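Student: Input upload29.tsv, format and content: TSV, C-alpha atoms and all ligand atoms.
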chain	number	residue	atom	x	y	z
O	11	MET	CA	114.07	148.32	130.61
O	12	ALA	CA	114.36	149.27	127.00
O	13	VAL	CA	116.46	151.87	125.30
O	14	VAL	CA	116.50	153.18	121.76
O	15	THR	CA	119.69	153.32	119.78
O	16	ASP	CA	119.39	154.21	116.10
O	17	GLU	CA	116.00	152.59	115.64
O	18	MET	CA	117.31	149.51	117.43
O	19	LEU	CA	115.26	148.62	120.48
O	20	VAL	CA	116.83	146.79	123.38
O	21	LYS	CA	114.97	145.02	126.14
O	22	GLY	CA	116.61	143.45	129.14
O	23	VAL	CA	114.98	140.23	130.33
O	24	ALA	CA	115.88	138.89	133.77
O	25	PHE	CA	116.42	135.18	134.41
O	26	ARG	CA	117.09	133.18	137.55
O	27	LEU	CA	119.64	130.40	137.56
O	28	GLU	CA	118.80	126.77	138.19
O	29	SER	CA	121.53	126.59	140.81
O	30	ASP	CA	123.95	128.97	142.54
O	31	LEU	CA	126.46	130.84	140.48
O	32	PRO	CA	129.59	128.64	140.09
O	33	SER	CA	132.43	129.88	142.29
O	34	ASP	CA	134.62	130.67	139.29
O	35	ALA	CA	131.91	132.95	137.99
O	36	LYS	CA	131.70	134.62	141.41
O	37	LEU	CA	135.42	135.30	141.29
O	38	LEU	CA	134.96	136.72	137.81
O	39	LEU	CA	132.37	139.15	139.17
O	40	GLU	CA	134.84	140.29	141.82
O	41	ASP	CA	137.61	140.73	139.25
O	42	PHE	CA	135.29	142.57	136.93
O	43	ARG	CA	134.26	145.00	139.65
O	44	LEU	CA	137.87	145.59	140.54
O	45	ALA	CA	138.71	146.26	136.90
O	46	VAL	CA	135.76	148.67	136.59
O	47	ASN	CA	136.77	150.59	139.70
O	48	ASN	CA	140.41	150.75	138.66
O	49	SER	CA	139.50	152.09	135.25
O	50	ILE	CA	137.17	154.64	136.83
O	51	ARG	CA	140.15	155.90	138.79
O	52	ALA	CA	142.38	155.89	135.72
O	53	GLY	CA	139.71	157.73	133.75
O	54	LEU	CA	139.30	160.38	136.45
O	55	GLN	CA	143.04	160.99	136.57
O	56	ALA	CA	143.36	161.27	132.81
O	57	ARG	CA	140.01	163.11	132.49
O	58	VAL	CA	138.63	160.79	129.87
O	59	THR	CA	135.32	158.95	129.71
O	60	SER	CA	135.15	157.10	126.40
O	61	ARG	CA	135.77	153.40	126.27
O	62	ASN	CA	138.41	153.74	123.58
O	63	ALA	CA	140.33	156.38	125.50
O	64	LEU	CA	140.21	154.19	128.60
O	65	VAL	CA	141.49	151.24	126.61
O	66	ARG	CA	144.37	153.37	125.33
O	67	ILE	CA	145.50	154.66	128.69
O	68	ALA	CA	144.87	151.61	130.87
O	69	TYR	CA	144.73	148.40	128.87
O	70	LYS	CA	148.39	147.49	129.21
O	71	ASP	CA	148.51	147.91	132.98
O	72	PHE	CA	145.26	146.07	133.35
O	73	ARG	CA	146.42	143.16	131.30
O	74	GLU	CA	149.26	142.84	133.78
O	75	GLN	CA	147.02	143.17	136.83
O	76	HIS	CA	144.39	140.77	135.52
O	77	PRO	CA	146.48	138.40	133.43
O	78	ARG	CA	143.88	135.66	133.47
O	79	MET	CA	140.76	137.58	132.60
O	80	TYR	CA	139.18	137.01	129.21
O	81	ALA	CA	140.22	139.99	127.06
O	82	GLN	CA	136.68	140.81	125.90
O	83	HIS	CA	135.50	141.07	129.51
O	84	LEU	CA	138.28	143.51	130.23
O	85	VAL	CA	137.16	145.72	127.34
O	86	SER	CA	133.60	145.45	128.62
O	87	ALA	CA	134.81	146.64	132.05
O	88	PHE	CA	136.15	149.77	130.35
O	89	GLU	CA	132.73	150.27	128.80
O	90	VAL	CA	130.95	150.02	132.16
O	91	ALA	CA	133.52	152.37	133.70
O	92	GLY	CA	133.00	154.81	130.84
O	93	ASN	CA	129.27	154.94	131.55
O	94	VAL	CA	129.86	155.53	135.25
O	95	LEU	CA	132.28	158.33	134.39
O	96	LYS	CA	129.83	159.95	131.99
O	97	ASN	CA	127.09	159.95	134.62
O	98	HIS	CA	129.53	161.35	137.12
O	99	ARG	CA	130.56	164.14	134.79
O	100	ARG	CA	126.92	164.99	134.14
O	101	SER	CA	126.13	165.34	137.84
O	102	VAL	CA	129.24	167.42	138.41
O	103	ARG	CA	128.10	169.76	135.64
O	104	LYS	CA	124.62	169.96	137.09
O	105	GLY	CA	126.17	170.97	140.38
O	106	VAL	CA	124.86	167.96	142.24
O	107	THR	CA	127.56	167.36	144.81
O	108	CYS	CA	128.86	163.87	144.51
O	109	ARG	CA	131.70	161.82	145.75
O	110	ILE	CA	134.22	159.98	143.62
O	111	PRO	CA	132.23	157.32	141.76
O	112	TYR	CA	132.71	153.74	142.80
O	113	VAL	CA	130.86	150.58	141.81
O	114	LYS	CA	129.72	148.70	144.88
O	115	ARG	CA	127.46	146.19	143.25
O	116	LEU	CA	128.84	142.88	142.10
O	117	LEU	CA	128.17	142.55	138.43
O	118	MET	CA	129.77	141.81	135.13
O	119	LYS	CA	128.76	142.56	131.61
O	120	ALA	CA	129.67	140.54	128.54
O	121	GLU	CA	129.14	141.77	125.01
O	122	ASN	CA	127.32	139.45	122.64
O	123	GLN	CA	130.53	138.12	121.08
O	124	ALA	CA	131.80	137.21	124.53
O	125	TYR	CA	129.24	134.57	125.51
O	126	LYS	CA	127.02	131.96	123.89
O	127	LEU	CA	123.39	131.29	124.69
O	128	ASP	CA	121.63	128.17	123.44
O	129	ARG	CA	118.17	129.63	123.00
O	130	ARG	CA	116.46	126.24	123.04
O	131	SER	CA	117.92	124.84	126.23
O	132	GLY	CA	118.59	128.14	128.00
O	133	VAL	CA	122.21	127.28	128.71
O	134	ILE	CA	124.83	130.01	128.67
O	135	ASP	CA	128.45	129.32	127.89
O	136	LEU	CA	130.48	132.02	129.62
O	137	PRO	CA	134.25	132.18	129.13
O	138	ILE	CA	136.15	132.96	132.31
O	139	ARG	CA	139.64	132.96	130.86
O	140	ALA	CA	141.28	131.55	127.76
O	141	GLY	CA	140.34	127.88	127.45
O	142	TYR	CA	138.10	127.83	130.52
O	143	HIS	CA	134.34	128.33	130.38
O	144	VAL	CA	131.46	127.86	132.82
O	145	GLU	CA	127.92	126.79	132.07
O	146	LEU	CA	124.99	128.79	133.45
O	147	ARG	CA	121.57	127.13	133.29
O	148	LEU	CA	118.71	129.60	133.11
O	149	VAL	CA	115.27	128.95	134.56
O	150	VAL	CA	113.02	129.40	131.54
O	151	SER	CA	109.35	130.26	132.03
O	152	GLN	CA	106.68	130.84	129.43
O	153	TYR	CA	107.40	134.55	129.63
O	154	HIS	CA	111.04	133.91	128.79
O	155	ARG	CA	110.11	131.56	125.93
O	156	LYS	CA	108.45	134.46	124.12
O	157	TYR	CA	111.83	136.14	123.84
O	158	LEU	CA	114.02	133.08	123.36
O	159	ASP	CA	111.85	131.61	120.59
O	160	ASP	CA	111.33	134.84	118.70
O	161	MET	CA	114.10	134.69	116.11
O	162	THR	CA	113.45	138.23	114.93
O	163	LEU	CA	115.14	139.21	118.21
O	164	SER	CA	118.90	139.13	118.30
O	165	LEU	CA	121.01	138.76	121.41
O	166	GLY	CA	122.72	141.77	122.92
O	167	SER	CA	124.86	142.00	126.02
O	168	LEU	CA	124.70	139.72	129.02
O	169	THR	CA	124.71	141.07	132.58
O	170	VAL	CA	125.63	138.66	135.34
O	171	LEU	CA	124.54	139.50	138.88
O	172	PRO	CA	125.03	137.28	141.95
O	173	ASN	CA	121.39	136.16	141.91
O	174	ARG	CA	120.21	136.72	138.38
O	175	ILE	CA	121.17	137.09	134.75
O	176	ILE	CA	119.93	139.78	132.41
O	177	VAL	CA	119.92	139.03	128.71
O	178	ALA	CA	119.46	141.95	126.32
O	179	PHE	CA	117.24	141.17	123.33
O	180	ARG	CA	117.43	143.49	120.37
O	181	ARG	CA	115.18	144.21	117.46
O	182	ASP	CA	114.67	146.84	114.80
O	183	ALA	CA	111.95	149.25	115.85
O	184	PRO	CA	108.76	148.03	114.12
O	185	LYS	CA	106.93	150.56	112.01
O	186	PRO	CA	103.93	151.81	114.02
O	187	PHE	CA	100.62	150.64	112.60
O	188	VAL	CA	98.20	153.04	110.89
O	189	PRO	CA	95.68	153.83	113.63
O	190	GLU	CA	91.99	153.10	113.24
O	191	SER	CA	90.97	154.76	116.50
O	192	VAL	CA	92.31	157.13	119.18
O	193	LEU	CA	92.89	156.67	122.87
O	194	SER	CA	93.58	160.06	124.43
O	195	LEU	CA	94.64	160.02	128.08
O	196	ASP	CA	95.09	162.72	130.70
O	197	THR	CA	97.56	161.60	133.36
O	198	ASN	CA	96.66	162.28	136.97
O	199	GLU	CA	98.03	161.35	140.36
O	200	ARG	CA	95.57	158.52	140.82
O	201	SER	CA	94.30	157.70	137.35
O	202	LEU	CA	94.50	157.97	133.61
O	203	ASP	CA	91.29	159.51	132.34
O	204	GLY	CA	90.40	159.87	128.78
O	205	VAL	CA	88.36	159.39	125.73
O	206	PHE	CA	88.32	156.57	123.21
O	207	VAL	CA	87.18	157.54	119.73
O	208	GLU	CA	86.31	154.94	117.13
O	209	GLY	CA	84.39	155.90	114.03
O	210	ASP	CA	81.65	158.29	115.12
O	211	ALA	CA	81.50	157.05	118.69
O	212	ALA	CA	83.37	158.60	121.61
O	213	ARG	CA	83.38	157.04	125.04
O	214	ALA	CA	85.00	157.84	128.37
O	215	VAL	CA	87.80	155.54	129.52
O	216	LYS	CA	89.53	155.24	132.87
O	217	ALA	CA	92.51	153.43	134.37
O	218	ASP	CA	92.37	153.79	138.13
O	219	PHE	CA	95.48	153.40	140.29
O	220	PRO	CA	94.74	155.09	143.64
O	221	GLU	CA	97.27	152.83	145.40
O	222	VAL	CA	100.20	154.61	143.79
O	223	ALA	CA	99.48	157.82	145.68
O	224	ILE	CA	98.65	155.86	148.83
O	225	ILE	CA	101.94	153.96	148.69
O	226	GLN	CA	103.79	157.21	148.14
O	227	GLN	CA	102.13	158.83	151.11
O	228	LEU	CA	102.74	155.79	153.28
O	229	HIS	CA	106.44	155.63	152.50
O	230	HIS	CA	106.76	159.38	152.75
O	231	ASP	CA	105.32	159.32	156.27
O	232	ARG	CA	107.51	156.39	157.24
O	233	ARG	CA	110.63	158.18	156.02
O	234	LYS	CA	109.66	161.25	158.04
O	235	ARG	CA	109.26	159.09	161.16
O	236	LEU	CA	112.59	157.36	160.53
O	237	GLN	CA	114.36	160.66	160.19
O	238	LYS	CA	112.97	161.84	163.49
O	239	LYS	CA	113.63	158.60	165.33
O	240	LYS	CA	117.17	158.15	164.07
O	241	ALA	CA	118.05	161.82	164.22
O	242	TYR	CA	121.04	161.02	166.42
O	243	ASP	CA	122.66	159.07	163.62
O	244	ARG	CA	122.40	160.58	160.16
O	245	ARG	CA	124.11	157.62	158.56
O	246	ILE	CA	121.63	155.06	159.84
O	247	SER	CA	118.72	157.28	159.04
O	248	ARG	CA	120.01	157.84	155.52
O	249	ASN	CA	120.46	154.14	154.89
O	250	LEU	CA	117.03	153.25	156.24
O	251	CYS	CA	115.44	155.97	154.15
O	252	ARG	CA	117.21	154.77	151.07
O	253	ARG	CA	115.92	151.28	151.67
O	254	GLU	CA	112.41	152.68	152.11
O	255	GLY	CA	112.77	154.51	148.83
O	256	THR	CA	113.80	151.39	146.95
O	257	ARG	CA	110.89	149.44	148.36
O	258	GLU	CA	108.51	152.21	147.47
O	259	ARG	CA	109.79	152.38	143.90
O	260	HIS	CA	109.44	148.62	143.46
O	261	ARG	CA	105.88	148.57	144.71
O	262	ILE	CA	104.89	151.51	142.54
O	263	ASP	CA	106.76	150.27	139.48
O	264	TYR	CA	104.92	147.01	139.65
O	265	ARG	CA	101.55	148.76	139.52
O	266	LEU	CA	102.58	151.16	136.79
O	267	HIS	CA	103.62	148.23	134.61
O	268	GLU	CA	100.23	146.62	135.15
O	269	VAL	CA	98.44	149.83	134.23
O	270	ALA	CA	100.61	150.28	131.13
O	271	ASN	CA	100.00	146.69	130.04
O	272	SER	CA	96.24	147.14	130.26
O	273	VAL	CA	96.34	150.36	128.29
O	274	LEU	CA	98.55	148.85	125.60
O	275	ARG	CA	96.47	145.70	125.31
O	276	PHE	CA	93.44	147.88	124.71
O	277	ALA	CA	95.25	150.03	122.14
O	278	GLU	CA	96.67	147.02	120.32
O	279	GLU	CA	93.32	145.22	120.05
O	280	ARG	CA	91.55	148.29	118.71
O	281	ARG	CA	94.50	149.62	116.73
O	282	SER	CA	94.50	152.96	118.53
O	283	VAL	CA	97.02	155.73	118.50
O	284	ILE	CA	97.69	156.79	122.10
O	285	VAL	CA	97.70	160.51	122.88
O	286	LEU	CA	99.49	161.63	126.04
O	287	GLU	CA	100.45	165.00	127.44
O	288	ASP	CA	104.08	165.98	127.30
O	289	LEU	CA	105.07	166.12	130.97
O	290	LYS	CA	108.43	167.69	130.27
O	291	GLY	CA	108.91	170.86	132.23
O	292	MET	CA	105.77	170.32	134.27
O	293	LYS	CA	106.34	171.21	137.90
O	294	PRO	CA	104.16	170.75	140.93
O	295	LYS	CA	102.38	174.02	141.63
O	296	ARG	CA	101.33	173.96	145.24
O	297	SER	CA	103.87	174.15	148.02
O	298	LYS	CA	102.36	171.05	149.58
O	299	GLU	CA	103.35	169.16	146.47
O	300	LEU	CA	106.77	170.75	146.51
O	301	ASN	CA	107.31	169.31	149.95
O	302	ARG	CA	106.63	165.96	148.48
O	303	ARG	CA	109.00	166.37	145.57
O	304	LEU	CA	108.38	162.86	144.37
O	305	SER	CA	104.80	163.33	143.37
O	306	MET	CA	105.57	163.81	139.67
O	307	TRP	CA	107.78	160.80	139.19
O	308	PRO	CA	105.14	158.07	139.01
O	309	ARG	CA	103.43	159.95	136.21
O	310	ARG	CA	106.66	160.44	134.29
O	311	LYS	CA	107.57	156.84	134.90
O	312	LEU	CA	104.17	155.64	133.66
O	313	HIS	CA	104.66	157.57	130.43
O	314	GLN	CA	108.14	156.14	130.02
O	315	ILE	CA	106.81	152.60	130.44
O	316	ILE	CA	103.91	153.16	128.04
O	317	GLU	CA	106.18	154.74	125.46
O	318	TYR	CA	108.85	152.06	125.36
O	319	LYS	CA	106.37	149.20	125.45
O	320	ALA	CA	104.39	150.86	122.66
O	321	GLN	CA	107.51	151.28	120.60
O	322	TRP	CA	108.42	147.64	121.06
O	323	ARG	CA	104.96	146.58	119.87
O	324	GLY	CA	104.57	149.13	117.08
O	325	ILE	CA	101.76	151.10	118.73
O	326	PRO	CA	101.90	154.78	117.75
O	327	VAL	CA	102.10	157.34	120.59
O	328	LEU	CA	101.65	161.10	120.27
O	329	LYS	CA	102.85	163.56	122.89
O	330	VAL	CA	101.18	166.94	122.95
O	331	ASP	CA	101.67	170.19	124.83
O	332	PRO	CA	99.22	170.12	127.74
O	333	ARG	CA	99.05	173.89	128.19
O	334	ASN	CA	95.53	174.97	129.26
O	335	SER	CA	94.19	171.50	128.56
O	336	SER	CA	92.38	171.37	131.89
O	337	ARG	CA	90.91	174.86	131.56
O	338	THR	CA	89.72	175.00	127.96
O	339	CYS	CA	86.25	174.28	126.65
O	340	PRO	CA	86.58	171.96	123.65
O	341	ILE	CA	83.30	173.25	122.16
O	342	CYS	CA	83.64	177.03	122.21
O	343	GLY	CA	87.33	177.43	123.06
O	344	ARG	CA	86.81	179.62	126.15
O	345	ILE	CA	89.62	179.38	128.69
O	346	GLN	CA	88.65	179.48	132.34
O	347	TYR	CA	90.84	181.16	134.88
O	348	SER	CA	89.29	180.03	138.12
O	349	ARG	CA	90.10	176.72	139.71
O	350	MET	CA	87.26	174.31	139.29
O	351	GLY	CA	85.90	171.24	140.96
O	352	ALA	CA	85.53	167.74	139.67
O	353	GLU	CA	83.42	168.92	136.79
O	354	PHE	CA	84.29	171.35	134.05
O	355	LYS	CA	81.35	173.66	133.29
O	356	CYS	CA	81.32	176.22	130.51
O	357	GLU	CA	79.02	179.15	129.81
O	358	CYS	CA	78.16	177.59	126.47
O	359	GLY	CA	76.49	174.70	128.23
O	360	TRP	CA	79.26	172.08	127.87
O	361	HIS	CA	80.04	170.17	131.02
O	362	MET	CA	82.28	167.18	131.54
O	363	ASP	CA	84.40	165.44	134.15
O	364	ARG	CA	87.43	167.71	134.50
O	365	HIS	CA	90.03	165.04	133.68
O	366	ILE	CA	88.12	163.69	130.70
O	367	ASN	CA	87.66	167.23	129.48
O	368	ALA	CA	91.45	167.64	129.60
O	369	SER	CA	91.95	164.48	127.55
O	370	ILE	CA	89.51	165.78	124.93
O	371	ASN	CA	91.60	168.94	124.67
O	372	LEU	CA	94.78	166.89	124.26
O	373	LEU	CA	93.09	165.05	121.43
O	374	GLN	CA	91.92	168.31	119.83
O	375	THR	CA	95.48	169.63	120.03
O	376	ALA	CA	96.83	166.51	118.34
O	377	ILE	CA	94.21	166.75	115.60
O	378	SER	CA	94.68	170.48	115.03
O	379	ARG	CA	98.41	169.98	114.58
O	380	GLY	CA	97.75	167.31	111.99
O	381	MET	CA	99.35	164.67	114.19
O	382	ALA	CA	96.45	162.22	114.18
O	383	GLY	CA	96.25	161.62	110.47
O	384	GLY	CA	92.70	161.57	109.16
O	385	LEU	CA	91.14	160.85	112.54
O	386	ARG	CA	88.50	163.28	113.72
O	387	PHE	CA	86.58	163.88	116.90
O	388	ASP	CA	83.16	165.42	117.40
O	389	PRO	CA	82.52	166.26	121.07
O	390	GLY	CA	78.81	166.17	120.28
O	391	ALA	CA	79.10	162.42	119.70
O	392	PHE	CA	80.34	161.81	123.22
O	393	GLN	CA	78.43	159.05	124.95
O	394	HIS	CA	78.13	160.29	128.50
O	395	ASP	CA	76.63	157.14	129.92
O	396	VAL	CA	79.37	154.73	128.91
O	397	MET	CA	82.62	154.38	130.86
O	398	MET	CA	85.18	151.81	129.73
O	399	ILE	CA	87.47	150.58	132.50
O	400	LEU	CA	90.99	149.90	131.25
O	401	TYR	CA	92.35	149.08	134.67
O	402	GLU	CA	91.23	149.06	138.29
O	403	PRO	CA	92.90	148.15	141.60
O	404	ALA	CA	91.08	144.81	141.82
O	405	MET	CA	93.13	143.62	138.87
O	406	ALA	CA	96.37	144.08	140.83
O	407	ALA	CA	95.13	142.75	144.14
O	408	ARG	CA	94.83	139.34	142.55
O	409	SER	CA	98.44	139.19	141.52
O	410	GLU	CA	100.58	141.18	143.94
O	411	PRO	CA	103.84	139.26	143.68
O	412	ASN	CA	105.21	139.48	147.21
O	413	GLY	CA	102.20	138.05	148.95
O	414	THR	CA	100.87	141.26	150.46
O	415	SER	CA	97.30	141.84	149.46
O	416	GLY	CA	95.35	145.01	149.22
O	417	ILE	CA	96.73	148.48	149.43
O	418	VAL	CA	98.17	149.22	152.83
O	419	GLY	CA	99.83	145.84	152.97
O	420	VAL	CA	102.38	144.83	155.56
O	421	THR	CA	105.94	145.51	154.52
H	501	ZN	ZN	82.25	176.37	126.02
Go ahead and express the file in the form of C-alpha cells.
Tutor:
Amino acid sequence: MAVVTDEMLVKGVAFRLESDLPSDAKLLLEDFRLAVNNSIRAGLQARVTSRNALVRIAYKDFREQHPRMYAQHLVSAFEVAGNVLKNHRRSVRKGVTCRIPYVKRLLMKAENQAYKLDRRSGVIDLPIRAGYHVELRLVVSQYHRKYLDDMTLSLGSLTVLPNRIIVAFRRDAPKPFVPESVLSLDTNERSLDGVFVEGDAARAVKADFPEVAIIQQLHHDRRKRLQKKKAYDRRISRNLCRREGTRERHRIDYRLHEVANSVLRFAEERRSVIVLEDLKGMKPKRSKELNRRLSMWPRRKLHQIIEYKAQWRGIPVLKVDPRNSSRTCPICGRIQYSRMGAEFKCECGWHMDRHINASINLLQTAISRGMAGGLRFDPGAFQHDVMMILYEPAMAARSEPNGTSGIVGVT
C-alpha cells in the first residue's frame, strides 16, 4: 500500500521472519495493543483524537501502567489510537452505526527513530525497554533487495505483526516523465479496453480479467448460501461471510495487481501517459447491480493500484470525466440515447467496439481540455486490424500463489 503525504510517497513492504517472533517481542505486541486500547478509551472519554492531545491527557497514567515499555513505542501507541479514533469519528458522522472501537489484532508500530534496520543483512534491532533490545532477522528475497538496496528510499515506520514485518519505505514523488505516447483505457467489469496512440498510429489495446467478475459471483453466491444455511445463528453466519469476503478480496486483489503491473510495464517502456475515467460518483445503474453492491469496487481498486504504482514510478496519469463517453461518436460528436450492443455504430459511418469507442472519447476529452500536452489523436488513423494484448488470464494462471489453478479453483 502506498500513501501520499506532501509529495512524499510511502510504500509498505512485507517481510517474513527467519524464525518465530522472540517471546519478548510477543509480549511487547500484547502490551502495545493494551496501550492502544486504553488510549482509545481515554480519547473517547475526553473527546480528543490527535496524538498530541492523547499524550497530554494520558501519558502520565500510561507511564505508570506500562513502566517498562520503551517511551517511543508508547507515543506510537497514541498515534495508532488516534487513527482508530479518527476513523471512528468519521463513521459516526456518516451515520454508519458502529460499536466502541477496539483493536483486536496483535500489532505494534515503531517510528523510524525507534528501531534500526541493517539494510545489507536485513537484521532489525528493536528496543523492547530501556537497555534491552531484540534482533529480528528478515527473510530477504530479490523483490525485497530492490527496496533495501535503493538508497534513494528512506526508512519510515516499522509494523510488527505476529507472522510478518512491514517496513515502510519513503521517497520523494518523482517528477512524471514527459509522455511520448498515450494509453487511454476504459474500465469495465471484465476488462480494460482502450487505444494506444504513438506518433500517427493508433491501435486497440486490451487487458482481459474475466476472473474478477467470476470470483465475485462465486463468492456472492456462496455468501447467499451461507446466510440461508446458518440462518438460525446470525453470529456464525456473519463470521463465515466475513471470512468469505476477505478471501474474495485477496483473490481479486492479486489479479488486479497483475493487471496493473502489465499496464504500467507497457506505459513505462513506451513512455505513455495513462488516461483513465474518473470513477468518483459513478453508481451502478441497474437494480441487479445494486443487489450486488460490490460490483464497482474492483474497478475503483484497480484505478487506485494503477495510480499509486504510476506515481511511485513517475508515470503520468490523467483522470477525465467519463460523462457520455460510451454514447458519443468521436468523429461527428453525435450522442446516442439508445442502449447499444457490443459495437458502437453512428449515422456518420463510424463504427467501433463499444468499449474502445469509450476510451477514444476519454482521450478526446483529455486532449480537448489541454491535459495531454502536445499529443494528438486522429480517429482516421485507427488500425482496426491490430489488437495489442496488455494482459490475459493465461498470464495469471501460471503464477497463482496459493496453488489453485484456473478460475473456479478449489478454496
Ligand atoms: Zn458519428
Student: Where's the centre, and what are the edge lengths in Å to one decimal, of a box along x, y and z enclosing all listed atoms of segment 340-347 of chain O padded 4 Å per side, as AutoDock Vina command-line options?
Tutor:
--center_x 87.1 --center_y 176.6 --center_z 128.5 --size_x 15.5 --size_y 17.2 --size_z 20.7
Student: State, in Å with one decimal place, the distance from atom CA of His143 of chain O to atom CA of Ser167 of chain O.
Tutor: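 Separation between atom CA of His143 of chain O and atom CA of Ser167 of chain O: 17.2 Å.
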Student: Pick out the residues no farther than 7 Å from ligand ZN 501 (chain H), counting all atoms listed in the file, and list them as a ChimeraX atom specification.
Tutor: /O:339-344,356-360
Student: Using only C-alpha atoms, which protein or nucleic acid residues come within 10 Å of segment 50-64 of chain O? Drop anything in the same chain fewer than 6 positions from it, and give the result as a list in words.
Tutor: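 The neighbour list is Leu44, Val85, Ser86, Ala87, Phe88, Glu89, Val90, Ala91, Gly92, Asn93, Val94, Leu95, Lys96, Asn97, His98, Arg99, Ile110, Pro111, Tyr112 and Val113 of chain O.
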Student: Go ahead and write the residues just picked, C-alpha atoms, as a PDB file, keeping the file's coordinate frame.
Tutor:
ATOM      1  CA  LEU O  44     137.870 145.590 140.540  1.00  0.00           C
ATOM      2  CA  VAL O  85     137.160 145.720 127.340  1.00  0.00           C
ATOM      3  CA  SER O  86     133.600 145.450 128.620  1.00  0.00           C
ATOM      4  CA  ALA O  87     134.810 146.640 132.050  1.00  0.00           C
ATOM      5  CA  PHE O  88     136.150 149.770 130.350  1.00  0.00           C
ATOM      6  CA  GLU O  89     132.730 150.270 128.800  1.00  0.00           C
ATOM      7  CA  VAL O  90     130.950 150.020 132.160  1.00  0.00           C
ATOM      8  CA  ALA O  91     133.520 152.370 133.700  1.00  0.00           C
ATOM      9  CA  GLY O  92     133.000 154.810 130.840  1.00  0.00           C
ATOM     10  CA  ASN O  93     129.270 154.940 131.550  1.00  0.00           C
ATOM     11  CA  VAL O  94     129.860 155.530 135.250  1.00  0.00           C
ATOM     12  CA  LEU O  95     132.280 158.330 134.390  1.00  0.00           C
ATOM     13  CA  LYS O  96     129.830 159.950 131.990  1.00  0.00           C
ATOM     14  CA  ASN O  97     127.090 159.950 134.620  1.00  0.00           C
ATOM     15  CA  HIS O  98     129.530 161.350 137.120  1.00  0.00           C
ATOM     16  CA  ARG O  99     130.560 164.140 134.790  1.00  0.00           C
ATOM     17  CA  ILE O 110     134.220 159.980 143.620  1.00  0.00           C
ATOM     18  CA  PRO O 111     132.230 157.320 141.760  1.00  0.00           C
ATOM     19  CA  TYR O 112     132.710 153.740 142.800  1.00  0.00           C
ATOM     20  CA  VAL O 113     130.860 150.580 141.810  1.00  0.00           C
TER      21      VAL O 113
END
Student: Could you check the closest approach to His230 of chain O for each of O:Ser305, O:Asn271, O:Asn371, O:Thr162 and tell me which residue wins, using all atoms listed in the file?
Tutor: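 Distance minimum relative to His230 of chain O lands on O:Ser305.
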Student: Have a look at O:Arg100, O:Arg115, O:Lys126, O:Arg174 and name the one nearest to Leu27 of chain O; count only C-alpha atoms.
Tutor: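 The closest residue to Leu27 of chain O is O:Arg174.
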Student: Between O:Asn122, O:Gln321, O:Ser201, O:Ser194, which residue has the minimum interatomic distance to Phe179 of chain O, considering all atoms listed in the file?
Tutor: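 For Phe179 of chain O, the nearest of the given residues is O:Asn122.
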Student: Go ahead and find all residues with at least one atom no further than 12 Å from (108.1, 154.2, 124.1) in the file's coordinates, using all atoms listed in the file; report them as a PyMOL selection string.
Tutor: chain O and resi 11-14+17+19-21+183-184+186+270+274+284+286+311-329
Student: I need the residues from that last selection saved to file as a PDB file, in the frame of the given file (with C-alpha atoms), if you can.
Tutor:
ATOM      1  CA  MET O  11     114.070 148.320 130.610  1.00  0.00           C
ATOM      2  CA  ALA O  12     114.360 149.270 127.000  1.00  0.00           C
ATOM      3  CA  VAL O  13     116.460 151.870 125.300  1.00  0.00           C
ATOM      4  CA  VAL O  14     116.500 153.180 121.760  1.00  0.00           C
ATOM      5  CA  GLU O  17     116.000 152.590 115.640  1.00  0.00           C
ATOM      6  CA  LEU O  19     115.260 148.620 120.480  1.00  0.00           C
ATOM      7  CA  VAL O  20     116.830 146.790 123.380  1.00  0.00           C
ATOM      8  CA  LYS O  21     114.970 145.020 126.140  1.00  0.00           C
ATOM      9  CA  ALA O 183     111.950 149.250 115.850  1.00  0.00           C
ATOM     10  CA  PRO O 184     108.760 148.030 114.120  1.00  0.00           C
ATOM     11  CA  PRO O 186     103.930 151.810 114.020  1.00  0.00           C
ATOM     12  CA  ALA O 270     100.610 150.280 131.130  1.00  0.00           C
ATOM     13  CA  LEU O 274      98.550 148.850 125.600  1.00  0.00           C
ATOM     14  CA  ILE O 284      97.690 156.790 122.100  1.00  0.00           C
ATOM     15  CA  LEU O 286      99.490 161.630 126.040  1.00  0.00           C
ATOM     16  CA  LYS O 311     107.570 156.840 134.900  1.00  0.00           C
ATOM     17  CA  LEU O 312     104.170 155.640 133.660  1.00  0.00           C
ATOM     18  CA  HIS O 313     104.660 157.570 130.430  1.00  0.00           C
ATOM     19  CA  GLN O 314     108.140 156.140 130.020  1.00  0.00           C
ATOM     20  CA  ILE O 315     106.810 152.600 130.440  1.00  0.00           C
ATOM     21  CA  ILE O 316     103.910 153.160 128.040  1.00  0.00           C
ATOM     22  CA  GLU O 317     106.180 154.740 125.460  1.00  0.00           C
ATOM     23  CA  TYR O 318     108.850 152.060 125.360  1.00  0.00           C
ATOM     24  CA  LYS O 319     106.370 149.200 125.450  1.00  0.00           C
ATOM     25  CA  ALA O 320     104.390 150.860 122.660  1.00  0.00           C
ATOM     26  CA  GLN O 321     107.510 151.280 120.600  1.00  0.00           C
ATOM     27  CA  TRP O 322     108.420 147.640 121.060  1.00  0.00           C
ATOM     28  CA  ARG O 323     104.960 146.580 119.870  1.00  0.00           C
ATOM     29  CA  GLY O 324     104.570 149.130 117.080  1.00  0.00           C
ATOM     30  CA  ILE O 325     101.760 151.100 118.730  1.00  0.00           C
ATOM     31  CA  PRO O 326     101.900 154.780 117.750  1.00  0.00           C
ATOM     32  CA  VAL O 327     102.100 157.340 120.590  1.00  0.00           C
ATOM     33  CA  LEU O 328     101.650 161.100 120.270  1.00  0.00           C
ATOM     34  CA  LYS O 329     102.850 163.560 122.890  1.00  0.00           C
TER      35      LYS O 329
END
Student: For Cys251 of chain O, find every residue with an atom within 9 Å (counting all atoms listed in the file), except residues of its own chain fewer than 3 positions away, and show them as a ChimeraX atom specification.
Tutor: /O:232-234,236-237,246-248,254-256
Student: So the first atom is atom CA of Leu136 of chain O and the second is atom CA of Ser29 of chain O; what is the distance between them in Å, to one decimal place?
Tutor: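 Between atom CA of Leu136 of chain O and atom CA of Ser29 of chain O the gap works out to 15.3 Å.
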Student: In Å, with one decimal, what is the gap from atom CA of Lys70 of chain O to atom CA of Glu121 of chain O?
Tutor: 20.5 Å
Student: Give the answer as one residue: which of O:Ser49, O:Asp34, O:Arg103, O:Ala140 has the shortest atom-to-atom distance to Ile67 of chain O, using only C-alpha atoms?
Tutor: O:Ser49
